[in-house]
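Trainee: Contents are PDB, C-alpha atoms, pLDDT in the B column; file name final.pdb:
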```pdb
ATOM      1  CA  MET F1057      17.421  -2.216  -3.035  1.00 79.00           C
ATOM      2  CA  THR F1058      18.866   1.266  -2.416  1.00 86.00           C
ATOM      3  CA  GLY F1059      15.575   2.932  -3.336  1.00 88.00           C
ATOM      4  CA  THR F1060      13.594   0.780  -0.907  1.00 92.00           C
ATOM      5  CA  ILE F1061      16.094   1.313   1.901  1.00 93.00           C
ATOM      6  CA  ALA F1062      15.969   5.080   1.364  1.00 93.00           C
ATOM      7  CA  ASN F1063      12.162   4.949   1.337  1.00 94.00           C
ATOM      8  CA  ALA F1064      11.942   3.040   4.618  1.00 93.00           C
ATOM      9  CA  ALA F1065      14.464   5.376   6.249  1.00 94.00           C
ATOM     10  CA  ALA F1066      12.534   8.472   5.112  1.00 93.00           C
ATOM     11  CA  ILE F1067       9.310   7.137   6.641  1.00 93.00           C
ATOM     12  CA  ALA F1068      11.082   6.382   9.914  1.00 93.00           C
ATOM     13  CA  VAL F1069      12.586   9.883  10.093  1.00 94.00           C
ATOM     14  CA  GLY F1070       9.275  11.535   9.157  1.00 91.00           C
ATOM     15  CA  ALA F1071       7.415   9.481  11.748  1.00 91.00           C
ATOM     16  CA  ALA F1072       9.943  10.422  14.419  1.00 90.00           C
ATOM     17  CA  CYS F1073       9.347  14.092  13.627  1.00 89.00           C
ATOM     18  CA  GLY F1074       5.603  13.490  13.771  1.00 87.00           C
ATOM     19  CA  VAL F1075       5.899  12.021  17.270  1.00 85.00           C
ATOM     20  CA  LEU F1076       7.590  15.219  18.446  1.00 83.00           C
ATOM     21  CA  LEU F1077       4.877  17.392  16.893  1.00 79.00           C
ATOM     22  CA  LYS F1078       1.935  15.313  18.103  1.00 72.00           C
ATOM     23  CA  LYS F1079       1.669  16.762  21.617  1.00 70.00           C
ATOM     24  CA  GLY F1080       1.477  20.328  20.373  1.00 65.00           C
ATOM     25  CA  ILE F1081      -1.405  19.808  17.948  1.00 69.00           C
ATOM     26  CA  PRO F1082      -5.005  20.233  19.249  1.00 76.00           C
ATOM     27  CA  GLU F1083      -7.351  17.258  18.781  1.00 75.00           C
ATOM     28  CA  ASN F1084      -9.746  19.148  16.483  1.00 81.00           C
ATOM     29  CA  VAL F1085      -6.843  20.097  14.219  1.00 76.00           C
ATOM     30  CA  LYS F1086      -5.676  16.463  14.078  1.00 72.00           C
ATOM     31  CA  THR F1087      -9.172  15.342  13.075  1.00 78.00           C
ATOM     32  CA  THR F1088      -9.464  17.899  10.288  1.00 83.00           C
ATOM     33  CA  VAL F1089      -5.947  17.161   9.018  1.00 76.00           C
ATOM     34  CA  MET F1090      -6.783  13.445   8.963  1.00 75.00           C
ATOM     35  CA  GLN F1091      -9.913  14.125   6.917  1.00 83.00           C
ATOM     36  CA  GLY F1092      -7.930  16.256   4.489  1.00 84.00           C
ATOM     37  CA  LEU F1093      -5.312  13.535   4.098  1.00 77.00           C
ATOM     38  CA  GLY F1094      -8.106  11.030   3.518  1.00 81.00           C
ATOM     39  CA  LEU F1095      -9.467  13.130   0.654  1.00 85.00           C
ATOM     40  CA  ALA F1096      -5.973  13.434  -0.846  1.00 81.00           C
ATOM     41  CA  VAL F1097      -5.497   9.661  -0.655  1.00 78.00           C
ATOM     42  CA  LEU F1098      -8.909   9.236  -2.322  1.00 86.00           C
ATOM     43  CA  LEU F1099      -7.809  11.466  -5.215  1.00 85.00           C
ATOM     44  CA  VAL F1100      -4.549   9.559  -5.696  1.00 78.00           C
ATOM     45  CA  GLY F1101      -6.384   6.235  -5.671  1.00 81.00           C
ATOM     46  CA  GLY F1102      -8.936   7.449  -8.204  1.00 86.00           C
ATOM     47  CA  GLN F1103      -6.254   8.605 -10.628  1.00 83.00           C
ATOM     48  CA  MET F1104      -4.499   5.248 -10.378  1.00 80.00           C
ATOM     49  CA  ALA F1105      -7.679   3.183 -10.721  1.00 86.00           C
ATOM     50  CA  LEU F1106      -8.529   4.816 -14.063  1.00 87.00           C
ATOM     51  CA  GLN F1107      -5.386   3.377 -15.667  1.00 83.00           C
ATOM     52  CA  GLY F1108      -6.983  -0.078 -15.893  1.00 78.00           C
ATOM     53  CA  THR F1109      -8.518  -0.887 -19.274  1.00 79.00           C
ATOM     54  CA  GLN F1110      -9.702  -4.464 -18.762  1.00 87.00           C
ATOM     55  CA  ILE F1111     -12.559  -4.231 -16.280  1.00 89.00           C
ATOM     56  CA  MET F1112     -13.219  -7.984 -16.111  1.00 91.00           C
ATOM     57  CA  VAL F1113      -9.578  -8.663 -15.272  1.00 92.00           C
ATOM     58  CA  ILE F1114      -9.898  -6.155 -12.433  1.00 93.00           C
ATOM     59  CA  ILE F1115     -13.196  -7.621 -11.169  1.00 93.00           C
ATOM     60  CA  ILE F1116     -12.002 -11.232 -11.282  1.00 94.00           C
ATOM     61  CA  SER F1117      -8.710 -10.298  -9.588  1.00 94.00           C
ATOM     62  CA  LEU F1118     -10.513  -8.510  -6.757  1.00 94.00           C
ATOM     63  CA  THR F1119     -12.956 -11.398  -6.317  1.00 95.00           C
ATOM     64  CA  LEU F1120     -10.275 -14.090  -6.201  1.00 96.00           C
ATOM     65  CA  GLY F1121      -8.070 -11.833  -4.097  1.00 94.00           C
ATOM     66  CA  ALA F1122     -10.851 -11.327  -1.560  1.00 94.00           C
ATOM     67  CA  ILE F1123     -11.419 -15.082  -1.281  1.00 95.00           C
ATOM     68  CA  CYS F1124      -7.704 -15.752  -0.776  1.00 94.00           C
ATOM     69  CA  GLY F1125      -7.386 -12.890   1.699  1.00 92.00           C
ATOM     70  CA  GLU F1126     -10.316 -14.101   3.784  1.00 94.00           C
ATOM     71  CA  VAL F1127      -8.991 -17.668   3.849  1.00 95.00           C
ATOM     72  CA  LEU F1128      -5.511 -16.467   4.832  1.00 91.00           C
ATOM     73  CA  LYS F1129      -6.915 -13.838   7.243  1.00 90.00           C
ATOM     74  CA  ILE F1130      -4.354 -11.285   6.074  1.00 87.00           C
ATOM     75  CA  GLU F1131      -6.089  -8.278   7.652  1.00 84.00           C
ATOM     76  CA  TRP F1132      -6.299 -10.070  11.003  1.00 87.00           C
ATOM     77  CA  ARG F1133      -2.628 -11.059  10.834  1.00 86.00           C
ATOM     78  CA  LEU F1134      -1.589  -7.472  10.088  1.00 80.00           C
ATOM     79  CA  GLU F1135      -3.639  -6.279  13.054  1.00 79.00           C
ATOM     80  CA  GLN F1136      -2.016  -8.888  15.276  1.00 83.00           C
ATOM     81  CA  VAL F1137       1.425  -7.588  14.323  1.00 79.00           C
ATOM     82  CA  GLY F1138       0.290  -4.076  15.227  1.00 75.00           C
ATOM     83  CA  LEU F1139      -1.211  -5.258  18.528  1.00 78.00           C
ATOM     84  CA  LEU F1140       2.016  -7.088  19.371  1.00 79.00           C
ATOM     85  CA  ILE F1141       4.003  -3.901  18.843  1.00 73.00           C
ATOM     86  CA  GLU F1142       1.389  -2.045  20.889  1.00 69.00           C
ATOM     87  CA  ARG F1143       1.769  -4.460  23.811  1.00 75.00           C
ATOM     88  CA  LEU F1144       5.553  -4.244  23.654  1.00 72.00           C
ATOM     89  CA  MET F1145       5.357  -0.446  23.843  1.00 64.00           C
ATOM     90  CA  GLY F1146       3.016  -0.508  26.833  1.00 57.00           C
ATOM     91  CA  ALA F1147       0.312   2.036  27.685  1.00 46.00           C
ATOM     92  CA  GLY F1148       2.138   4.857  25.918  1.00 49.00           C
ATOM     93  CA  GLY F1149       1.879   3.160  22.556  1.00 48.00           C
ATOM     94  CA  GLY F1150      -1.603   4.396  21.740  1.00 53.00           C
ATOM     95  CA  ASN F1151      -3.569   2.752  18.950  1.00 74.00           C
ATOM     96  CA  VAL F1152      -0.499   1.342  17.246  1.00 78.00           C
ATOM     97  CA  ALA F1153      -2.316  -1.452  15.415  1.00 76.00           C
ATOM     98  CA  GLN F1154      -4.689   0.861  13.531  1.00 79.00           C
ATOM     99  CA  ALA F1155      -1.946   3.320  12.583  1.00 84.00           C
ATOM    100  CA  PHE F1156       0.413   0.508  11.537  1.00 85.00           C
ATOM    101  CA  VAL F1157      -2.128  -1.208   9.278  1.00 82.00           C
ATOM    102  CA  ALA F1158      -3.465   2.005   7.695  1.00 82.00           C
ATOM    103  CA  SER F1159      -0.071   3.544   6.965  1.00 86.00           C
ATOM    104  CA  SER F1160       1.438   0.248   5.763  1.00 86.00           C
ATOM    105  CA  LEU F1161      -1.344  -0.094   3.202  1.00 82.00           C
ATOM    106  CA  ILE F1162      -1.022   3.529   2.063  1.00 81.00           C
ATOM    107  CA  TYR F1163       2.725   3.251   1.540  1.00 87.00           C
ATOM    108  CA  CYS F1164       2.736  -0.244   0.020  1.00 84.00           C
ATOM    109  CA  VAL F1165      -0.127  -0.448  -2.489  1.00 74.00           C
ATOM    110  CA  GLY F1166       0.421   2.819  -4.339  1.00 68.00           C
ATOM    111  CA  ALA F1167       1.579   3.057  -7.942  1.00 66.00           C
ATOM    112  CA  MET F1168       4.998   4.433  -7.048  1.00 74.00           C
ATOM    113  CA  ALA F1169       5.631   1.543  -4.653  1.00 83.00           C
ATOM    114  CA  ILE F1170       4.816  -1.049  -7.302  1.00 77.00           C
ATOM    115  CA  VAL F1171       6.203   0.610 -10.426  1.00 76.00           C
ATOM    116  CA  GLY F1172       9.231   2.053  -8.624  1.00 81.00           C
ATOM    117  CA  SER F1173      10.188  -1.328  -7.202  1.00 86.00           C
ATOM    118  CA  ILE F1174       9.760  -2.951 -10.618  1.00 82.00           C
ATOM    119  CA  GLU F1175      11.990  -0.298 -12.242  1.00 78.00           C
ATOM    120  CA  ASP F1176      14.630  -0.826  -9.565  1.00 85.00           C
ATOM    121  CA  GLY F1177      14.555  -4.585 -10.059  1.00 84.00           C
ATOM    122  CA  LEU F1178      14.411  -4.612 -13.866  1.00 77.00           C
ATOM    123  CA  ASN F1179      16.666  -1.686 -14.753  1.00 75.00           C
ATOM    124  CA  GLY F1180      18.544  -0.893 -11.542  1.00 81.00           C
ATOM    125  CA  ASN F1181      16.868   2.542 -11.578  1.00 81.00           C
ATOM    126  CA  PRO F1182      15.802   3.647  -8.052  1.00 85.00           C
ATOM    127  CA  GLY F1183      14.782   7.175  -9.161  1.00 80.00           C
ATOM    128  CA  THR F1184      11.037   6.673  -8.664  1.00 77.00           C
ATOM    129  CA  LEU F1185      11.589   5.215  -5.198  1.00 88.00           C
ATOM    130  CA  TYR F1186      13.813   8.153  -4.244  1.00 90.00           C
ATOM    131  CA  THR F1187      10.986  10.501  -5.194  1.00 80.00           C
ATOM    132  CA  LYS F1188       8.534   8.345  -3.243  1.00 86.00           C
ATOM    133  CA  ALA F1189      10.899   8.450  -0.269  1.00 89.00           C
ATOM    134  CA  MET F1190      10.696  12.240  -0.134  1.00 84.00           C
ATOM    135  CA  LEU F1191       6.892  12.235  -0.432  1.00 81.00           C
ATOM    136  CA  ASP F1192       6.458   9.463   2.143  1.00 86.00           C
ATOM    137  CA  GLY F1193       8.840  11.132   4.572  1.00 87.00           C
ATOM    138  CA  ILE F1194       6.800  14.338   4.495  1.00 84.00           C
ATOM    139  CA  SER F1195       3.434  12.566   4.762  1.00 82.00           C
ATOM    140  CA  ALA F1196       4.751  10.407   7.628  1.00 88.00           C
ATOM    141  CA  VAL F1197       5.130  13.569   9.712  1.00 86.00           C
ATOM    142  CA  PHE F1198       1.428  14.360   9.350  1.00 81.00           C
ATOM    143  CA  PHE F1199       0.205  10.775   9.560  1.00 84.00           C
ATOM    144  CA  THR F1200       2.127  10.197  12.793  1.00 87.00           C
ATOM    145  CA  SER F1201       0.967  13.462  14.335  1.00 83.00           C
ATOM    146  CA  THR F1202      -2.643  12.387  13.761  1.00 81.00           C
ATOM    147  CA  MET F1203      -2.648   8.556  13.883  1.00 81.00           C
ATOM    148  CA  GLY F1204       0.204   7.888  16.272  1.00 82.00           C
ATOM    149  CA  VAL F1205       3.562   6.143  16.512  1.00 84.00           C
ATOM    150  CA  GLY F1206       2.323   3.035  14.700  1.00 84.00           C
ATOM    151  CA  VAL F1207       3.194   4.816  11.445  1.00 89.00           C
ATOM    152  CA  LEU F1208       6.868   4.447  12.346  1.00 90.00           C
ATOM    153  CA  PHE F1209       6.667   0.667  12.097  1.00 89.00           C
ATOM    154  CA  SER F1210       5.168   0.834   8.608  1.00 89.00           C
ATOM    155  CA  SER F1211       8.727   1.509   7.439  1.00 92.00           C
ATOM    156  CA  LEU F1212       9.385  -2.202   8.076  1.00 91.00           C
ATOM    157  CA  SER F1213       6.399  -3.128   5.891  1.00 89.00           C
ATOM    158  CA  VAL F1214       7.784  -0.955   3.084  1.00 92.00           C
ATOM    159  CA  LEU F1215      11.222  -2.526   3.432  1.00 93.00           C
ATOM    160  CA  LEU F1216       9.855  -6.069   3.172  1.00 91.00           C
ATOM    161  CA  TYR F1217       7.166  -5.417   0.547  1.00 86.00           C
ATOM    162  CA  GLN F1218       9.071  -3.211  -1.893  1.00 90.00           C
ATOM    163  CA  GLY F1219      12.232  -5.227  -1.344  1.00 90.00           C
ATOM    164  CA  ALA F1220      10.416  -8.416  -2.330  1.00 88.00           C
ATOM    165  CA  ILE F1221       8.987  -6.798  -5.485  1.00 86.00           C
ATOM    166  CA  THR F1222      12.428  -5.482  -6.452  1.00 88.00           C
ATOM    167  CA  LEU F1223      14.032  -8.890  -6.074  1.00 88.00           C
ATOM    168  CA  LEU F1224      11.202 -10.680  -7.906  1.00 84.00           C
ATOM    169  CA  ALA F1225      11.051  -8.162 -10.768  1.00 80.00           C
ATOM    170  CA  ALA F1226      14.222  -9.519 -12.359  1.00 74.00           C
ATOM    171  CA  TYR F1227      12.659 -12.992 -12.543  1.00 79.00           C
ATOM    172  CA  LEU F1228       9.360 -11.645 -13.940  1.00 78.00           C
ATOM    173  CA  LYS F1229      10.913  -9.516 -16.669  1.00 74.00           C
ATOM    174  CA  GLY F1230       8.995 -11.297 -19.425  1.00 77.00           C
ATOM    175  CA  ILE F1231       5.661 -10.829 -17.659  1.00 83.00           C
ATOM    176  CA  LEU F1232       5.708  -7.229 -16.420  1.00 80.00           C
ATOM    177  CA  ASN F1233       4.973  -5.456 -19.696  1.00 84.00           C
ATOM    178  CA  PRO F1234       3.229  -2.030 -19.828  1.00 85.00           C
ATOM    179  CA  PHE F1235      -0.231  -3.614 -20.182  1.00 89.00           C
ATOM    180  CA  VAL F1236       0.213  -5.769 -17.075  1.00 88.00           C
ATOM    181  CA  VAL F1237       1.647  -2.859 -15.090  1.00 83.00           C
ATOM    182  CA  SER F1238      -1.347  -0.655 -15.997  1.00 86.00           C
ATOM    183  CA  GLN F1239      -3.832  -3.251 -14.710  1.00 89.00           C
ATOM    184  CA  LEU F1240      -1.671  -3.740 -11.622  1.00 84.00           C
ATOM    185  CA  THR F1241      -1.669   0.010 -11.034  1.00 82.00           C
ATOM    186  CA  SER F1242      -5.461   0.078 -11.341  1.00 87.00           C
ATOM    187  CA  ILE F1243      -5.846  -2.584  -8.653  1.00 88.00           C
ATOM    188  CA  GLY F1244      -3.478  -0.634  -6.427  1.00 82.00           C
ATOM    189  CA  GLY F1245      -5.567   2.492  -7.001  1.00 83.00           C
ATOM    190  CA  LEU F1246      -8.776   0.743  -5.976  1.00 89.00           C
ATOM    191  CA  LEU F1247      -7.134  -0.485  -2.784  1.00 85.00           C
ATOM    192  CA  ILE F1248      -5.917   3.059  -2.091  1.00 81.00           C
ATOM    193  CA  ILE F1249      -9.524   4.270  -2.484  1.00 87.00           C
ATOM    194  CA  GLY F1250     -10.497   1.650   0.098  1.00 86.00           C
ATOM    195  CA  VAL F1251      -7.855   2.980   2.476  1.00 80.00           C
ATOM    196  CA  ALA F1252      -9.255   6.502   2.011  1.00 84.00           C
ATOM    197  CA  VAL F1253     -12.776   5.256   2.755  1.00 87.00           C
ATOM    198  CA  ASN F1254     -11.493   3.761   6.008  1.00 83.00           C
ATOM    199  CA  MET F1255      -9.630   6.951   6.895  1.00 78.00           C
ATOM    200  CA  LEU F1256     -12.781   9.005   6.345  1.00 85.00           C
ATOM    201  CA  GLU F1257     -14.724   6.468   8.460  1.00 83.00           C
ATOM    202  CA  ILE F1258     -17.366   6.048   5.744  1.00 87.00           C
ATOM    203  CA  THR F1259     -17.365   2.291   6.296  1.00 86.00           C
ATOM    204  CA  LYS F1260     -14.866  -0.444   7.165  1.00 85.00           C
ATOM    205  CA  ILE F1261     -13.235  -2.223   4.228  1.00 87.00           C
ATOM    206  CA  LYS F1262     -10.822  -5.086   4.878  1.00 87.00           C
ATOM    207  CA  ILE F1263      -8.124  -3.830   2.539  1.00 84.00           C
ATOM    208  CA  GLY F1264      -5.591  -6.327   3.870  1.00 83.00           C
ATOM    209  CA  ASN F1265      -7.773  -9.201   2.711  1.00 90.00           C
ATOM    210  CA  LEU F1266      -7.833  -7.739  -0.802  1.00 90.00           C
ATOM    211  CA  LEU F1267      -4.030  -7.611  -1.149  1.00 86.00           C
ATOM    212  CA  PRO F1268      -3.751 -10.967  -2.999  1.00 90.00           C
ATOM    213  CA  ALA F1269      -5.527  -9.252  -5.914  1.00 91.00           C
ATOM    214  CA  ILE F1270      -2.274  -7.385  -6.599  1.00 85.00           C
ATOM    215  CA  PHE F1271      -0.540 -10.645  -7.462  1.00 86.00           C
ATOM    216  CA  ILE F1272      -3.511 -12.354  -9.120  1.00 93.00           C
ATOM    217  CA  VAL F1273      -3.987  -9.467 -11.578  1.00 91.00           C
ATOM    218  CA  ILE F1274      -0.424  -9.940 -12.848  1.00 89.00           C
ATOM    219  CA  ILE F1275      -1.238 -13.484 -13.977  1.00 90.00           C
ATOM    220  CA  LEU F1276      -4.659 -12.676 -15.430  1.00 92.00           C
ATOM    221  CA  ALA F1277      -3.485  -9.554 -17.249  1.00 91.00           C
ATOM    222  CA  TYR F1278      -0.459 -11.351 -18.700  1.00 90.00           C
ATOM    223  CA  TYR F1279      -2.566 -14.133 -20.234  1.00 90.00           C
ATOM    224  CA  ALA F1280      -5.313 -11.725 -21.331  1.00 89.00           C
ATOM    225  CA  ASP F1281      -2.660  -9.770 -23.231  1.00 87.00           C
ATOM    226  CA  LYS F1282      -0.796 -12.820 -24.520  1.00 82.00           C
ATOM    227  CA  PHE F1283      -3.881 -14.445 -26.016  1.00 81.00           C
ATOM    228  CA  SER F1284      -5.531 -11.133 -26.954  1.00 75.00           C
ATOM    229  CA  ILE F1285      -8.507 -11.839 -24.719  1.00 66.00           C
ATOM    230  CA  LEU F1286     -10.651  -8.708 -24.560  1.00 59.00           C
ATOM    231  CA  MET F1287     -12.337  -8.568 -21.196  1.00 53.00           C
TER     232      MET F1287
END
```
Write the structure described by the file as structure tokens, please.
Mentor:
Amino acid sequence: MTGTIANAAAIAVGAACGVLLKKGIPENVKTTVMQGLGLAVLLVGGQMALQGTQIMVIIISLTLGAICGEVLKIEWRLEQVGLLIERLMGAGGGNVAQAFVASSLIYCVGAMAIVGSIEDGLNGNPGTLYTKAMLDGISAVFFTSTMGVGVLFSSLSVLLYQGAITLLAAYLKGILNPFVVSQLTSIGGLLIIGVAVNMLEITKIKIGNLLPAIFIVIILAYYADKFSILM
């Protein structure tokens, strides 16, 4: 868990720095920076998505994940958490809900979050998460300066999400082989692309409601590999 704790702390520190910088940055600069970050997130997501080799596994996982997410109303529940924090902070909180949801998704569904947590749980190696901590800490400065203080609270999402994966990884050692991890990474990449689309305001994708696909793809990919089912 040391890697996850370091990651959450780095985001919190970066976000705190971003709050201090926010007032001194003109609105037009914030907008352009946000668009640039959106393009960078799009690139990262695209690179991850291409790691998947079994397209039908990916499609079925996204379809079932979307159904589960809509039934469970995951996106709505995430927004409610953000709105609760926003109300607790009062008028000075800004659009906490939007910043909380967007940054939580960016930090949680990436390849380093998934693979790093698995490595920490399986091998006790937090190296990938330490690297992610440095990257997330730096990006948190810019995200907070443009989106607002809601980014700070995404550190709690990272702590819970990556911590859960780390703890579960030891129990799923026989399932998380390289093939499964590659399909899992691809799903994460597609969700990251969705986050970028939202950041660029191209359209509104309910990324939160697609999150169950991350867990469904593990099961489908494992059995596709075990029984040599080419999809």
Trainee: For the structure provided, state which residues fall under the PyMOL selection byres ((chain F and resi 1095) around 12), and present them as a ChimeraX atom specification.
Mentor: /F:1088-1094,1096-1102,1248-1258
Trainee: Quick one: distance from atom CA of F:Ala1189 to atom CA of F:Ala1066 in Å, one decimal?
Mentor: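 Calculated distance between atom CA of F:Ala1189 and atom CA of F:Ala1066 is 5.6 Å.
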Trainee: May I have the protein, DNA and RNA residues with any atom at most 10 Å from the point (2.7, 6.8, 10.6), counting all atoms listed in the file, written as JSON, numbers by chain?
Mentor: {"F": [1067, 1068, 1070, 1071, 1072, 1074, 1075, 1152, 1154, 1155, 1156, 1157, 1158, 1159, 1160, 1162, 1163, 1192, 1193, 1195, 1196, 1197, 1198, 1199, 1200, 1201, 1202, 1203, 1204, 1205, 1206, 1207, 1208, 1209, 1210, 1211]}
Trainee: With all atoms listed in the file as the counted atoms, please give the residues lying no more than 10 Å from stretch 1275-1281 of chain F, apart from itself and same-chain residues fewer than 4 positions off, as a ChimeraX atom specification.
Mentor: /F:1110,1112-1114,1116-1117,1230-1233,1235-1240,1270-1271,1285-1287
Trainee: Measuring between only C-alpha atoms, which one of F:Val1214, F:Leu1076, F:Ile1263, F:Val1273 shows the shortest distance to F:Lys1188?
Mentor: F:Val1214
